[in-house]
>>> print(open('protein20.txt').read())   # compact mmCIF, C-alpha atoms
# COMPACT_ATOMS: atom_id res chain seq x y z
CA MET A 970 89.24 112.54 57.08
CA ILE A 971 89.51 109.69 59.52
CA ARG A 972 88.40 110.14 63.12
CA TYR A 973 89.13 107.78 66.00
CA LEU A 974 86.43 108.31 68.62
CA TYR A 975 85.40 106.42 71.73
CA ALA A 976 81.63 106.14 72.20
CA ASP A 977 81.72 108.69 75.03
CA GLN A 978 83.22 111.24 72.61
CA LEU A 979 80.51 110.86 69.96
CA ASP A 980 78.23 113.42 71.57
CA GLU A 981 80.76 116.10 70.65
CA THR A 982 79.86 115.49 67.00
CA PRO A 983 76.08 114.82 66.92
CA LYS A 984 75.82 114.91 63.13
CA LEU A 985 78.56 112.32 62.76
CA ARG A 986 77.08 110.17 65.54
CA ASP A 987 73.51 110.22 64.22
CA SER A 988 74.45 109.62 60.59
CA MET A 989 76.69 106.71 61.60
CA PHE A 990 73.98 104.88 63.53
CA ARG A 991 71.43 105.58 60.74
CA ASP A 992 73.83 104.38 58.06
CA ARG A 993 74.36 101.23 60.08
CA ALA A 994 70.58 100.69 60.12
CA TRP A 995 70.50 101.16 56.36
CA GLN A 996 73.39 98.80 55.75
CA PHE A 997 72.71 96.00 58.21
CA ARG A 998 68.90 96.01 58.33
CA GLN A 999 67.84 97.21 54.89
CA ARG A 1000 70.64 96.13 52.62
CA LEU A 1001 71.94 93.00 54.34
CA ASN A 1002 68.80 91.99 56.21
CA TRP A 1003 70.71 91.05 59.36
CA GLN A 1004 68.69 90.52 62.54
CA VAL A 1005 69.68 93.81 64.15
CA ASN A 1006 67.70 96.22 66.33
CA VAL A 1007 66.80 99.64 65.02
CA ASP A 1008 65.47 102.07 67.61
CA ALA A 1009 62.86 104.84 67.34
CA ARG A 1010 65.49 107.32 66.16
CA GLY A 1011 66.38 104.98 63.31
CA PHE A 1012 69.72 104.02 64.95
CA GLU A 1013 71.15 100.55 64.66
CA ARG A 1014 72.78 100.02 68.05
CA ASP A 1015 73.57 96.91 70.06
CA GLN A 1016 74.89 96.08 73.53
CA TYR A 1017 78.51 96.49 72.37
CA ASP A 1018 77.92 100.14 71.55
CA ASP A 1019 77.30 100.49 75.30
CA GLU A 1020 80.75 99.08 76.13
CA ASN A 1021 82.40 102.36 75.14
CA PRO A 1022 84.04 100.92 72.02
CA LEU A 1023 86.52 102.78 69.84
CA TYR A 1024 85.06 103.76 66.45
CA VAL A 1025 87.17 104.40 63.40
CA ILE A 1026 85.09 106.73 61.27
CA HIS A 1027 85.51 108.23 57.83
CA GLN A 1028 83.98 111.69 58.02
CA LEU A 1029 82.65 113.25 54.82
CA ALA A 1030 83.23 116.90 53.91
CA ASP A 1031 79.77 117.87 55.20
CA GLY A 1032 80.62 116.42 58.62
CA SER A 1033 78.50 113.31 58.27
CA HIS A 1034 79.46 109.64 58.34
CA GLY A 1035 81.10 108.10 55.27
CA GLY A 1036 82.03 104.74 56.73
CA SER A 1037 83.11 103.19 59.99
CA MET A 1038 84.11 100.20 62.06
CA ARG A 1039 84.04 99.42 65.76
CA PHE A 1040 86.81 98.05 67.99
CA LEU A 1041 86.73 96.41 71.40
CA PRO A 1042 89.48 94.55 73.27
CA THR A 1043 88.87 90.81 73.53
CA THR A 1044 89.73 90.94 77.24
CA GLY A 1045 86.15 92.22 77.77
CA PRO A 1046 82.77 91.32 76.28
CA THR A 1047 82.84 90.86 72.51
CA MET A 1048 80.29 89.91 69.91
CA VAL A 1049 82.39 87.11 68.45
CA ASN A 1050 82.92 85.42 71.83
CA ASP A 1051 79.29 85.89 72.90
CA HIS A 1052 77.54 84.91 69.67
CA PHE A 1053 79.79 83.30 67.08
CA LEU A 1054 81.70 80.50 68.81
CA ASP A 1055 80.20 78.03 66.36
CA LEU A 1056 82.13 79.82 63.62
CA THR A 1057 85.46 79.85 65.48
CA ASN A 1058 85.72 76.13 66.31
CA GLY A 1059 84.57 77.04 69.81
CA VAL A 1060 87.59 79.22 70.52
CA ALA A 1061 86.84 82.35 72.54
CA PHE A 1062 89.64 84.75 71.64
CA LYS A 1063 91.08 86.52 74.64
CA SER A 1064 94.20 88.63 74.70
CA PRO A 1065 95.15 92.28 75.09
CA LEU A 1066 96.95 91.82 71.77
CA ILE A 1067 93.76 90.83 69.92
CA TRP A 1068 90.95 93.34 69.34
CA GLU A 1069 87.56 92.66 67.87
CA CYS A 1070 86.43 94.61 64.81
CA THR A 1071 82.73 94.68 63.93
CA ARG A 1072 80.08 96.73 62.07
CA PHE A 1073 82.22 97.60 59.06
CA CYS A 1074 79.82 99.99 57.41
CA GLN A 1075 79.68 102.30 54.41
CA SER A 1076 77.39 105.24 53.90
CA PRO A 1077 75.10 105.27 50.86
CA ARG A 1078 75.97 109.00 50.64
CA SER A 1079 79.61 108.30 49.96
CA ASP A 1080 80.37 108.37 46.25
CA ALA A 1081 83.80 106.79 46.57
CA ALA A 1082 83.07 103.54 48.36
CA ALA A 1083 86.30 101.79 47.37
CA ARG A 1084 88.40 104.69 48.60
CA VAL A 1085 86.48 104.91 51.88
CA SER A 1086 86.97 101.17 52.44
CA ALA A 1087 90.68 101.52 51.80
CA ARG A 1088 90.95 104.45 54.21
CA LEU A 1089 89.19 102.52 56.93
CA MET A 1090 91.45 99.51 56.39
CA LEU A 1091 94.47 101.78 56.47
CA ALA A 1092 93.25 103.43 59.66
CA ALA A 1093 92.76 100.01 61.24
CA ALA A 1094 96.24 98.91 60.18
CA GLU A 1095 97.71 102.04 61.78
CA LEU A 1096 95.79 101.37 64.96
CA GLY A 1097 97.33 97.92 65.20
CA ARG A 1098 100.81 99.25 64.50
CA GLN A 1099 100.66 102.08 67.05
CA PHE A 1100 99.07 100.04 69.82
CA SER A 1101 101.26 96.95 69.28
CA LEU A 1102 98.38 94.62 68.45
CA ASP A 1103 98.85 91.18 66.91
CA HIS A 1104 95.47 90.42 65.41
CA ALA A 1105 91.95 91.61 64.85
CA VAL A 1106 89.08 89.17 64.88
CA GLY A 1107 86.19 90.44 62.79
CA VAL A 1108 82.53 89.73 62.19
CA PHE A 1109 81.55 90.93 58.71
CA ASP A 1110 79.36 90.65 55.67
CA ALA A 1111 80.91 87.57 54.06
CA ARG A 1112 80.82 89.11 50.59
CA MET A 1113 83.22 91.81 51.79
CA VAL A 1114 86.07 89.26 51.74
CA ARG A 1115 86.42 89.99 48.03
CA VAL A 1116 86.82 93.70 48.78
CA TYR A 1117 89.34 93.07 51.55
CA ARG A 1118 91.30 90.77 49.26
CA ALA A 1119 91.35 93.35 46.48
CA MET A 1120 93.03 95.69 48.93
CA GLY A 1121 95.72 93.14 49.66
CA TRP A 1122 94.72 92.52 53.26
CA ALA A 1123 92.19 89.72 53.38
CA PRO A 1124 91.14 88.14 56.66
CA GLU A 1125 91.55 84.46 57.16
CA LEU A 1126 87.97 83.21 57.13
CA LEU A 1127 87.33 81.00 60.18
CA GLY A 1128 83.70 80.30 59.47
CA GLN A 1129 80.60 81.53 57.78
CA GLN A 1130 76.87 81.24 58.37
CA GLY A 1131 73.99 81.90 55.99
CA GLU A 1132 74.01 82.29 52.23
CA GLY A 1133 74.12 85.20 49.82
CA ALA A 1134 73.31 88.68 51.08
CA ASP A 1135 72.90 87.76 54.73
CA ALA A 1136 75.97 85.52 54.99
CA ILE A 1137 78.04 86.48 58.04
CA GLY A 1138 81.73 85.68 58.23
CA VAL A 1139 84.18 85.54 61.11
CA GLY A 1140 87.83 86.01 60.29
CA LEU A 1141 91.26 87.01 61.51
CA TRP A 1142 93.50 89.84 60.34
CA GLU A 1143 97.17 89.84 61.15
CA PHE A 1144 98.40 93.39 61.73
CA SER A 1145 101.99 92.60 60.78
CA ARG A 1146 100.78 91.71 57.29
CA ALA A 1147 99.02 94.99 56.60
CA PRO A 1148 100.23 96.18 53.16
CA PHE A 1149 100.67 99.88 53.96
CA HIS A 1150 101.95 100.84 50.49
CA ARG A 1151 99.03 99.28 48.73
CA LEU A 1152 96.49 100.62 51.23
CA ASN A 1153 97.96 104.12 50.87
CA ALA A 1154 97.64 103.87 47.09
CA ARG A 1155 94.06 102.61 47.25
CA ALA A 1156 93.15 105.19 49.86
CA GLY A 1157 94.68 107.94 47.75
CA VAL A 1158 96.88 109.25 50.56
CA ARG A 1159 100.59 109.69 51.08
CA ASP A 1160 102.76 107.61 53.33
CA GLY A 1161 102.45 108.94 56.88
CA THR A 1162 98.88 110.19 56.54
CA ALA A 1163 97.42 107.43 58.70
CA GLY A 1164 99.96 108.20 61.40
CA ARG A 1165 98.79 111.80 61.36
CA TRP A 1166 95.12 110.76 61.69
CA LEU A 1167 95.99 108.72 64.71
CA ARG A 1168 98.15 111.40 66.34
CA GLN A 1169 95.42 113.99 65.84
CA ALA A 1170 92.97 111.72 67.61
CA PHE A 1171 95.11 110.59 70.50
CA GLN A 1172 97.42 113.50 71.08
CA SER A 1173 96.01 116.23 73.20
CA ALA A 1174 96.06 119.74 71.73
CA GLY A 1175 97.51 121.19 74.91
CA GLN A 1176 100.44 118.83 75.25
CA VAL A 1177 103.64 120.39 76.49
CA GLU A 1178 107.13 119.17 77.16
CA LEU A 1179 107.21 117.37 80.46
CA ILE A 1180 109.55 118.85 82.98
CA ALA A 1181 112.77 116.89 82.96
CA MET B 1328 114.77 89.26 79.98
CA GLN B 1329 112.18 86.66 78.94
CA THR B 1330 113.46 84.26 81.60
CA LYS B 1331 113.10 86.96 84.23
CA ILE B 1332 109.59 87.79 83.06
CA VAL B 1333 108.59 84.12 83.20
CA ALA B 1334 110.00 83.94 86.74
CA PHE B 1335 108.13 87.11 87.68
CA ILE B 1336 104.82 85.80 86.32
CA GLU B 1337 105.32 82.51 88.16
CA ARG B 1338 105.82 84.42 91.40
CA LEU B 1339 102.79 86.55 90.65
CA GLN B 1340 100.66 83.45 90.28
CA GLN B 1341 101.68 82.22 93.73
CA VAL B 1342 100.66 85.46 95.43
CA THR B 1343 97.61 85.37 97.71
CA THR B 1344 97.70 88.75 99.51
CA PHE B 1345 97.77 92.46 98.68
CA ASP B 1346 101.12 92.69 100.49
CA GLY B 1347 102.42 90.10 98.09
CA ILE B 1348 101.27 92.16 95.11
CA GLN B 1349 102.98 95.23 96.56
CA ARG B 1350 106.29 93.34 96.88
CA LEU B 1351 105.99 92.07 93.32
CA ILE B 1352 105.36 95.57 91.97
CA GLU B 1353 108.61 96.62 93.67
CA GLN B 1354 110.42 93.65 92.15
CA LEU B 1355 109.05 94.47 88.73
CA ARG B 1356 110.29 98.05 89.08
CA ASP B 1357 113.76 96.66 89.78
CA LEU B 1358 113.49 94.19 86.92
CA TYR B 1359 112.77 96.95 84.42
CA GLN B 1360 115.20 99.33 86.12
CA VAL B 1361 112.72 102.19 86.08
CA GLU B 1362 111.96 104.85 88.68
CA HIS B 1363 108.41 103.80 89.47
CA LEU B 1364 105.71 101.28 88.83
CA ILE B 1365 102.10 101.90 89.73
CA TYR B 1366 99.06 99.68 89.66
CA HIS B 1367 95.82 101.20 90.81
CA SER B 1368 92.29 100.01 90.53
CA VAL B 1369 88.78 101.16 91.25
CA ASN B 1370 86.27 98.36 91.65
CA SER B 1371 82.59 98.42 90.76
CA ALA B 1372 81.73 99.63 94.27
CA GLY B 1373 84.13 102.56 93.81
CA GLU B 1374 86.71 101.22 96.27
CA PRO B 1375 90.28 102.09 95.32
CA TYR B 1376 93.26 99.81 95.68
CA ALA B 1377 96.87 100.49 94.76
CA ALA B 1378 100.25 98.79 94.72
CA LEU B 1379 102.96 101.29 93.87
CA THR B 1380 106.49 102.50 94.45
CA TYR B 1381 105.76 106.21 94.94
CA SER B 1382 106.64 107.60 98.36
CA LEU B 1383 103.84 107.42 100.89
CA ASP B 1384 104.16 111.18 101.42
CA TRP B 1385 103.35 111.77 97.77
CA VAL B 1386 100.42 109.34 97.84
CA ASP B 1387 98.99 111.06 100.94
CA HIS B 1388 99.46 114.48 99.40
CA TYR B 1389 97.89 113.34 96.12
CA LEU B 1390 94.83 111.97 97.91
CA GLU B 1391 94.56 114.95 100.22
CA GLN B 1392 94.62 117.36 97.28
CA ASP B 1393 92.24 115.12 95.34
CA TYR B 1394 94.64 115.27 92.38
CA GLY B 1395 92.82 112.39 90.71
CA ARG B 1396 90.38 115.04 89.49
CA ILE B 1397 93.01 116.94 87.49
CA ASP B 1398 95.68 114.29 86.87
CA PRO B 1399 95.95 114.10 83.04
CA VAL B 1400 96.92 110.43 83.31
CA VAL B 1401 93.70 109.54 85.09
CA LEU B 1402 91.58 111.80 82.87
CA GLY B 1403 93.26 110.58 79.68
CA CYS B 1404 93.00 106.88 80.48
CA TYR B 1405 89.67 106.51 82.22
CA GLN B 1406 87.18 104.59 80.04
CA ARG B 1407 89.90 103.96 77.44
CA PHE B 1408 91.63 100.75 76.41
CA HIS B 1409 94.61 101.87 74.33
CA PRO B 1410 98.04 102.37 75.92
CA VAL B 1411 98.91 105.99 76.56
CA ASP B 1412 102.30 107.69 76.53
CA TRP B 1413 102.24 110.63 78.95
CA LYS B 1414 103.64 112.86 76.22
CA ARG B 1415 100.30 112.68 74.43
CA LEU B 1416 98.37 114.07 77.38
CA ASP B 1417 97.36 117.63 78.12
CA TRP B 1418 99.69 119.14 80.77
CA SER B 1419 99.13 122.75 79.77
CA SER B 1420 96.81 124.25 82.39
CA LYS B 1421 98.33 126.16 85.29
CA ARG B 1422 96.94 123.81 87.94
CA VAL B 1423 98.28 120.80 86.09
CA ARG B 1424 101.70 122.40 85.69
CA ASN B 1425 101.83 123.03 89.41
CA PHE B 1426 100.79 119.45 90.06
CA LEU B 1427 103.56 118.32 87.74
CA LEU B 1428 106.15 120.42 89.57
CA GLU B 1429 105.11 118.92 92.89
CA ALA B 1430 105.21 115.42 91.39
CA SER B 1431 108.67 116.05 90.04
CA ASP B 1432 109.85 117.23 93.49
CA ALA B 1433 108.40 114.03 94.94
CA GLY B 1434 110.64 111.96 92.66
CA ILE B 1435 108.26 111.16 89.85
CA GLY B 1436 110.01 110.91 86.50
CA ASN B 1437 109.26 112.90 83.37
CA GLN B 1438 108.30 109.90 81.25
CA GLY B 1439 105.29 107.70 81.68
CA PHE B 1440 103.46 104.94 79.90
CA SER B 1441 100.03 103.91 81.17
CA ILE B 1442 97.92 100.92 80.27
CA PRO B 1443 94.20 101.18 81.02
CA ILE B 1444 92.50 97.90 81.91
CA ARG B 1445 88.79 97.20 81.85
CA GLY B 1446 87.85 94.50 84.29
CA PRO B 1447 84.54 92.78 84.90
CA ASN B 1448 81.44 94.75 85.99
CA GLY B 1449 82.83 98.21 85.51
CA GLN B 1450 86.11 97.61 87.33
CA PHE B 1451 88.84 99.87 85.98
CA ALA B 1452 92.58 99.77 86.58
CA LEU B 1453 95.65 101.60 85.42
CA PHE B 1454 99.12 100.13 85.16
CA THR B 1455 101.88 102.70 84.76
CA VAL B 1456 105.61 102.65 84.21
CA ASN B 1457 107.34 105.89 85.15
CA HIS B 1458 110.93 106.88 84.48
CA ARG B 1459 113.34 109.78 84.22
CA CYS B 1460 115.16 109.84 80.89
CA SER B 1461 115.31 111.45 77.46
CA ASP B 1462 112.56 111.02 74.86
CA GLU B 1463 114.83 108.84 72.73
CA GLU B 1464 115.64 106.49 75.58
CA TRP B 1465 111.98 106.30 76.53
CA LEU B 1466 110.92 105.45 72.99
CA ARG B 1467 113.48 102.66 72.92
CA PHE B 1468 112.22 101.36 76.26
CA THR B 1469 108.52 101.39 75.37
CA ASP B 1470 109.13 99.90 71.90
CA ALA B 1471 111.10 97.07 73.44
CA HIS B 1472 108.70 96.27 76.29
CA VAL B 1473 105.18 97.32 75.35
CA ARG B 1474 103.92 93.85 74.53
CA ASP B 1475 105.19 92.28 77.74
CA LEU B 1476 103.86 95.23 79.73
CA LEU B 1477 100.40 94.85 78.19
CA LEU B 1478 100.30 91.24 79.35
CA ILE B 1479 101.80 91.88 82.77
CA ALA B 1480 99.36 94.74 83.38
CA HIS B 1481 96.43 92.41 82.76
CA TYR B 1482 97.93 89.61 84.85
CA VAL B 1483 98.50 91.94 87.79
CA ASN B 1484 94.91 93.14 87.49
CA GLN B 1485 93.63 89.59 87.37
CA LYS B 1486 95.63 88.73 90.46
CA ALA B 1487 94.36 91.79 92.32
CA LEU B 1488 90.78 90.76 91.50
CA GLU B 1489 91.46 87.21 92.67
CA VAL B 1490 92.93 88.42 95.96
CA GLU B 1491 90.01 90.80 96.41
CA ARG B 1492 87.37 88.12 96.03
CA GLY B 1493 89.47 85.45 97.67
CA THR B 1494 88.98 82.95 94.89
CA ASP B 1495 91.66 80.96 93.19
CA ARG B 1496 91.13 81.90 89.61
CA LEU B 1497 88.69 84.05 87.75
CA PRO B 1498 85.97 82.19 85.89
CA ASP B 1499 85.59 82.40 82.13
CA GLN B 1500 89.19 81.56 81.37
CA SER B 1501 88.48 78.05 80.14
CA LEU B 1502 90.43 76.73 77.21
CA SER B 1503 88.49 75.30 74.30
CA PRO B 1504 89.34 71.84 72.92
CA ARG B 1505 90.98 73.43 69.87
CA GLU B 1506 93.29 75.56 72.02
CA LEU B 1507 94.21 72.48 74.04
CA ASP B 1508 94.90 70.58 70.80
CA ALA B 1509 97.20 73.35 69.64
CA LEU B 1510 99.13 73.37 72.92
CA THR B 1511 99.34 69.57 72.92
CA MET B 1512 100.91 69.54 69.45
CA LEU B 1513 103.54 72.07 70.49
CA GLY B 1514 104.09 70.17 73.73
CA MET B 1515 104.84 67.09 71.65
CA GLY B 1516 107.56 69.06 69.94
CA LYS B 1517 105.82 69.54 66.62
CA SER B 1518 106.62 72.62 64.59
CA ARG B 1519 103.89 75.21 64.13
CA GLY B 1520 103.60 74.26 60.48
CA HIS B 1521 103.22 70.58 61.26
CA ALA B 1522 100.82 71.22 64.16
CA ALA B 1523 98.64 73.39 61.92
CA GLU B 1524 98.62 70.71 59.24
CA ILE B 1525 97.54 68.01 61.68
CA LEU B 1526 94.77 70.26 63.05
CA SER B 1527 93.71 71.23 59.51
CA ILE B 1528 94.05 74.92 60.22
CA SER B 1529 96.43 77.52 58.88
CA GLU B 1530 99.57 78.45 60.74
CA HIS B 1531 98.12 81.91 61.19
CA THR B 1532 95.01 80.57 62.93
CA LEU B 1533 97.23 78.34 65.07
CA ARG B 1534 99.17 81.38 66.22
CA VAL B 1535 95.97 83.14 67.27
CA TYR B 1536 94.79 80.03 69.17
CA ILE B 1537 98.10 79.93 70.98
CA GLU B 1538 98.05 83.63 71.75
CA SER B 1539 94.57 83.31 73.20
CA ALA B 1540 95.53 80.20 75.21
CA ARG B 1541 98.65 81.93 76.51
CA PHE B 1542 96.60 84.81 77.90
CA LYS B 1543 93.99 82.56 79.48
CA LEU B 1544 96.72 80.52 81.16
CA GLY B 1545 98.47 83.67 82.33
CA ALA B 1546 101.70 82.69 80.59
CA ALA B 1547 104.61 84.84 79.44
CA ASN B 1548 105.17 83.08 76.12
CA THR B 1549 104.36 79.94 74.15
CA THR B 1550 106.83 77.66 75.94
CA HIS B 1551 105.56 78.90 79.26
CA ALA B 1552 101.94 78.33 78.15
CA VAL B 1553 102.69 74.71 77.22
CA ALA B 1554 104.48 74.16 80.53
CA LEU B 1555 101.61 75.67 82.54
CA ALA B 1556 98.99 73.67 80.66
CA MET B 1557 100.93 70.48 81.45
CA ALA B 1558 101.54 71.43 85.07
CA ARG B 1559 97.83 72.08 85.58
CA GLY B 1560 96.89 68.80 83.95
CA LYS B 1561 95.07 70.50 81.08
CA ILE B 1562 97.09 68.67 78.45
CA ILE B 1563 98.96 65.38 78.51
CA VAL B 1564 101.83 64.78 76.11
>>> encode(input="protein20.txt", output="structure tokens")
Amino acid sequence: MIRYLYADQLDETPKLRDSMFRDRAWQFRQRLNWQVNVDARGFERDQYDDENPLYVIHQLADGSHGGSMRFLPTTGPTMVNDHFLDLTNGVAFKSPLIWECTRFCQSPRSDAAARVSARLMLAAAELGRQFSLDHAVGVFDARMVRVYRAMGWAPELLGQQGEGADAIGVGLWEFSRAPFHRLNARAGVRDGTAGRWLRQAFQSAGQVELIA
Amino acid sequence: MQTKIVAFIERLQQVTTFDGIQRLIEQLRDLYQVEHLIYHSVNSAGEPYAALTYSLDWVDHYLEQDYGRIDPVVLGCYQRFHPVDWKRLDWSSKRVRNFLLEASDAGIGNQGFSIPIRGPNGQFALFTVNHRCSDEEWLRFTDAHVRDLLLIAHYVNQKALEVERGTDRLPDQSLSPRELDALTMLGMGKSRGHAAEILSISEHTLRVYIESARFKLGAANTTHAVALAMARGKIIV
């Protein structure tokens, strides 16, 4: 299932938290060879994880991490504005209607990578729809563009640095173009499932009718 | 409505005092024809500031009872950055239900929509629209206005920060040459398609440049952004 969790909620699910940061180390340090920090616990974490970002996480049946991405509003500190202006023509994106998406990650333990990717994309699309966002600006493994395109929702690539495995891309997604039908099909879920994921995350269990 | 919002934002930009912000919050309440509008902020030193339309009796009572510690709106929005409809919050505990009854007696409506704002250095603010109406009406209202409210909430916060530090404008809002190019093209009357072609970018990228420039300029919409950029001498057409 898909979880939407702010960083300060991760401690409620230690297994999910630990496996996510370890999978990030595996993906970004070992597989992609990006210049990222891995701490003594084997976690790949950076300064933006300390900004209380919102994580969209695919949780596997055993409770561990199957894949994830990280969102921050561009009205505050973001990786793309701090480190990748040379890939955006010098434009620092700032708007409450534009969120940054980084650290798109997949677990090596997940045996259905394409489906997990599709579910994460679908969960991101739902996030944009429910919170009235216009765009996401992303920093990603440049080779993932092919995967995003196959799902029918490719980012517009603004710039790219490096070659091959460690190539990093910066691109823009337009939420109004998210192909929900296609993402649902690829994710193997019915229409309305993503809305339920989001409601479960953001609707309190004890909600009652307000007194009129 | 857009014309009124542009006029409101222009007035907001002229404001230099907290009293001025308070008056504008009242005007905005009237503009949206809702029961209440509330902006409150806690700065990095923990000092609170509020501009709101609740009765002073209610505000005193709220502070006296330290309701901030149980208020589901505060608890549900603190450290968050997504907009929150009050219906999604947890109002079930007995203490909270009592609080809600008292709030209702004090004229607070049954519907609310709150926008959390993260400012610089740990500053946090909450911008809330409150109203008394049915769920259907409220859904129509929030659907129609959420995007403008998101912007206005951030502009009000920015203004409150400016007034607090007594500076004209916050730093770090500079427009890049590409954003200025995009605004210049539109200011010259070129279509988005043509402007994008001249700048060798896609129309989609152009839209994102313009959205970003609009927010940095504190504008209500594209036309307003172009006008402000011209008025401030940032572009010449």
>>> atom_distance(input="protein20.txt", atom1="atom CA of B:Glu1362", atom2="atom CA of B:Leu1477")
18.5 Å
>>> interface_residues(input="protein20.txt", of="chain B", to="chain A", cutoff="6 Å", atoms="all atoms listed in the file", output="ChimeraX atom specification")
/B:1415-1419,1437,1503,1539,1542
>>> write_last_selection(input="protein20.txt", atoms="C-alpha atoms", output="PDB file, in the coordinates of the input")
ATOM      1  CA  ARG B1415     100.300 112.680  74.430  1.00  0.00           C
ATOM      2  CA  LEU B1416      98.370 114.070  77.380  1.00  0.00           C
ATOM      3  CA  ASP B1417      97.360 117.630  78.120  1.00  0.00           C
ATOM      4  CA  TRP B1418      99.690 119.140  80.770  1.00  0.00           C
ATOM      5  CA  SER B1419      99.130 122.750  79.770  1.00  0.00           C
ATOM      6  CA  ASN B1437     109.260 112.900  83.370  1.00  0.00           C
ATOM      7  CA  SER B1503      88.490  75.300  74.300  1.00  0.00           C
ATOM      8  CA  SER B1539      94.570  83.310  73.200  1.00  0.00           C
ATOM      9  CA  PHE B1542      96.600  84.810  77.900  1.00  0.00           C
TER      10      PHE B1542
END
>>> axis_aligned_box(input="protein20.txt", around="stretch 1428-1444 of chain B", padding_each_side="4 Å", output="AutoDock Vina command-line options")
--center_x 101.6 --center_y 109.2 --center_z 87.4 --size_x 26.1 --size_y 30.5 --size_z 23.0
>>> atom_distance(input="protein20.txt", atom1="atom CA of B:Asp1470", atom2="atom CA of B:Lys1414")
14.7 Å
>>> atom_distance(input="protein20.txt", atom1="atom CA of A:Arg1010", atom2="atom CA of A:Phe990")
9.2 Å
>>> residues_near_point(input="protein20.txt", point="(71.7, 99.7, 51.4)", cutoff="12 Å", atoms="only C-alpha atoms", output="list in words")
Arg991, Asp992, Arg993, Ala994, Trp995, Gln996, Phe997, Arg998, Gln999, Arg1000, Leu1001, Asn1002, Trp1003, Cys1074, Gln1075, Ser1076, Pro1077, Arg1078, Ser1079 and Ala1134 of chain A
>>> residues_around(input="protein20.txt", residues="B:Ile1336", least_positions_apart="3", cutoff="12 Å", atoms="all atoms listed in the file", output="ChimeraX atom specification")
/B:1329-1333,1339-1342,1348,1351-1352,1354-1355,1475-1476,1478-1483,1485-1486,1542,1544-1548,1551-1552,1555
>>> decode(input="protein20.txt", residues="stretch 1333-1346 of chain B", atoms="C-alpha atoms", output="PDB file, in the first residue's frame")
ATOM      1  CA  VAL B1333      -5.565  42.137  -7.621  1.00  0.00           C
ATOM      2  CA  ALA B1334      -6.801  45.257  -5.821  1.00  0.00           C
ATOM      3  CA  PHE B1335      -6.492  43.493  -2.477  1.00  0.00           C
ATOM      4  CA  ILE B1336      -2.923  42.362  -3.175  1.00  0.00           C
ATOM      5  CA  GLU B1337      -1.988  45.871  -4.289  1.00  0.00           C
ATOM      6  CA  ARG B1338      -3.302  47.247  -1.001  1.00  0.00           C
ATOM      7  CA  LEU B1339      -1.477  44.537   0.903  1.00  0.00           C
ATOM      8  CA  GLN B1340       1.785  45.559  -0.717  1.00  0.00           C
ATOM      9  CA  GLN B1341       1.345  49.148   0.460  1.00  0.00           C
ATOM     10  CA  VAL B1342       0.849  48.138   4.092  1.00  0.00           C
ATOM     11  CA  THR B1343       3.607  49.018   6.557  1.00  0.00           C
ATOM     12  CA  THR B1344       2.048  48.314   9.977  1.00  0.00           C
ATOM     13  CA  PHE B1345       0.402  45.455  11.865  1.00  0.00           C
ATOM     14  CA  ASP B1346      -2.748  47.593  12.142  1.00  0.00           C
TER      15      ASP B1346
END
